[in-house]
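Trainee: The structure under discussion is supplied below as structure tokens; questions concerning it will follow.
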Amino acid sequence: MLILFDIDATLIKTSGLGIAAMGRAGRELFGDSFNERTVDYAGRLDPLIIGDLLRAHALPETPDNHANFRAGYRKHLETLLSEPGKGVTCPGVPALLDRLFSRAGTTVGLLTGNFPETGAVKLRACGIDPERFHLSAWGDESPHHPPARDHLPPVAMKRYKQRHGRDVNPSHVTIIGDTPHDIRCARAHACRSLGVATGMFSVTDLENAGADLALPDLSDTDRVEKWLVSA
Ligand SMILES: [Mg+2]
């Protein structure tokens, strides 16, 4: 059994500082008129977000621009999140993680649009050790061009096979996330999905996207664990 968590607005909230760090990186590299509020963020891959930001400012999508933006984003994110109290876990998350990590036969991973280095910065700022997860599929790990979140479940399932020496049946994989993007990437691979309305989408939005279960948050540890392990 493989359980995969999205990061932003599913495990943690970081006071919008991820977006703020993108803005600081953009202004440092490209000038004061750079405006990070020109693109969609929720549930999307960081490489796609950076590409959208570059295009929105008529900047070329060169490898250098992507790499410099990524490095600047990391630097500003670390600075912004070094202030105590800016990152919090979503309701029920610490208890649920403790419960799942203590279960034999349950593999717990991350499936996220974040880059590995910035995803780790965010988790640590919220008191979650990223090394605790058994495997991860990060936002820069789509093997296809253009990249998409829908490409990430096979990456996580491949890592499961590398770890355990056997395939995991998609019906034994559950993806937990706060946006229709999370739900769609699960459905694209016949995985189960749990929508959690701790971001900008409601329970109804997530149900309409096809979530197998949608909840206001993850605070009912017993119910969530029971549903997750029923796969
Ligand atoms: Mg999210």
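Following the order of the structure tokens, chains are lettered A, B, ..., residues in each are numbered from 1, and ligands are numbered from 1.
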Please return as JSON, numbers by chain the residues found within 12 Å of ligand 1, counting only C-alpha atoms and all ligand atoms.
Mentor: {"A": [5, 6, 7, 8, 9, 10, 11, 12, 13, 14, 18, 41, 42, 43, 44, 45, 46, 90, 110, 111, 112, 113, 114, 119, 139, 149, 175, 176, 177, 178, 179, 180, 181, 182, 183, 195, 196, 197, 198, 199, 200, 201]}
Trainee: For range 50-63 of chain A, please output as number ranges by chain all residues within 9 Å (counting only C-alpha atoms; exclusion window: fewer than 5 positions along the same chain).
Mentor: A: 22, 26, 30, 33-40, 45, 68-70
Trainee: Kindly save the residues from that selection, with C-alpha atoms included, as a PDB file, in the first residue's frame.
Mentor:
```
ATOM      1  CA  MET A  22       8.866  33.742  -6.290  1.00  0.00           C
ATOM      2  CA  GLY A  26      11.753  37.630 -10.037  1.00  0.00           C
ATOM      3  CA  PHE A  30      14.431  40.971 -13.735  1.00  0.00           C
ATOM      4  CA  SER A  33       8.124  45.561 -12.308  1.00  0.00           C
ATOM      5  CA  PHE A  34       8.135  41.760 -11.922  1.00  0.00           C
ATOM      6  CA  ASN A  35       4.710  40.760 -10.563  1.00  0.00           C
ATOM      7  CA  GLU A  36       4.248  37.219  -9.207  1.00  0.00           C
ATOM      8  CA  ARG A  37       0.455  37.643  -9.100  1.00  0.00           C
ATOM      9  CA  THR A  38       0.104  36.996 -12.816  1.00  0.00           C
ATOM     10  CA  VAL A  39      -0.130  33.183 -12.871  1.00  0.00           C
ATOM     11  CA  ASP A  40      -1.947  30.237 -11.229  1.00  0.00           C
ATOM     12  CA  LEU A  45       4.348  22.075 -10.911  1.00  0.00           C
ATOM     13  CA  ASN A  68      18.591  31.295 -11.865  1.00  0.00           C
ATOM     14  CA  PHE A  69      14.956  31.717 -10.930  1.00  0.00           C
ATOM     15  CA  ARG A  70      14.942  28.365  -9.122  1.00  0.00           C
TER      16      ARG A  70
END
```
Trainee: Apply DSSP to the backbone of this structure and, from range 39-153 of chain A, keep only the residues in helix (DSSP H, G or I); write these as a PyMOL selection string.
Mentor: chain A and resi 46-56+63-81+93-101+116-125+130-132+149-153
Trainee: Tell me which protein, DNA and RNA residues are within 7 Å of His134 in chain A, counting only C-alpha atoms, leaving out same-chain ones fewer than 3 positions away, and put them as a ChimeraX atom specification.
Mentor: /A:107-109
Trainee: Would you save the residues from that selection as a PDB file, in the first residue's frame, using N, CA and C atoms?
Mentor:
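Final output, part.pdb:
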```pdb
ATOM      1  N   THR A 107       3.596   2.233   2.886  1.00  0.00           N
ATOM      2  CA  THR A 107       4.636   3.117   2.374  1.00  0.00           C
ATOM      3  C   THR A 107       4.036   4.508   2.235  1.00  0.00           C
ATOM      4  N   VAL A 108       4.712   5.500   2.824  1.00  0.00           N
ATOM      5  CA  VAL A 108       4.183   6.863   2.860  1.00  0.00           C
ATOM      6  C   VAL A 108       5.138   7.771   2.093  1.00  0.00           C
ATOM      7  N   GLY A 109       4.602   8.471   1.092  1.00  0.00           N
ATOM      8  CA  GLY A 109       5.461   9.292   0.255  1.00  0.00           C
ATOM      9  C   GLY A 109       4.883  10.663  -0.022  1.00  0.00           C
TER      10      GLY A 109
END
```
Trainee: Based on the backbone DSSP call, show me all residues of range 167-227 of chain A assigned strand (DSSP E or B), as a list in words.
Mentor: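 Assigned to strand (DSSP E or B), within range 167-227 of chain A: Val173, Thr174, Ile175, Ile176, Gly177, Arg192, Ser193, Leu194, Gly195, Val196, Leu213, Ala214 and Leu215 of chain A.
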Trainee: Dump C-alpha atoms for the selected residues as a compact mmCIF listing (two decimals), in the first residue's frame?
Mentor:
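File written: again.txt
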```txt
# COMPACT_ATOMS: atom_id res chain seq x y z
CA VAL A 173 -2.16 3.73 -4.21
CA THR A 174 -3.93 6.71 -2.67
CA ILE A 175 -3.10 10.31 -3.56
CA ILE A 176 -4.09 12.99 -1.03
CA GLY A 177 -4.34 16.60 -2.16
CA ARG A 192 -7.53 6.31 -5.30
CA SER A 193 -7.84 9.95 -4.29
CA LEU A 194 -8.62 11.76 -1.08
CA GLY A 195 -9.46 15.43 -1.49
CA VAL A 196 -8.94 17.69 1.49
CA LEU A 213 -13.47 10.77 -0.69
CA ALA A 214 -13.38 14.49 0.13
CA LEU A 215 -13.11 15.88 3.64
```
Trainee: What is the CA of Ala20 in chain A-CA of Pro130 in chain A distance in Å, reported with one decimal?
Mentor: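 Going from CA of Ala20 in chain A over to CA of Pro130 in chain A, I get 22.1 Å.
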Trainee: When you draw a straight line from CA of Pro143 in chain A to CA of Ala25 in chain A, how long is it in Å?
Mentor: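 For CA of Pro143 in chain A relative to CA of Ala25 in chain A, the distance reads 26.2 Å.
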Trainee: Could you tell me how far CA of Thr204 in chain A sits from CA of Leu228 in chain A, in Å to one decimal place?
Mentor: 20.0 Å
Trainee: With distances taken over only C-alpha atoms, which of A:Leu135, A:Ala95, A:Leu100, A:Thr118 is nearest to His164 in chain A?
Mentor: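 The closest residue to His164 in chain A is A:Leu135.
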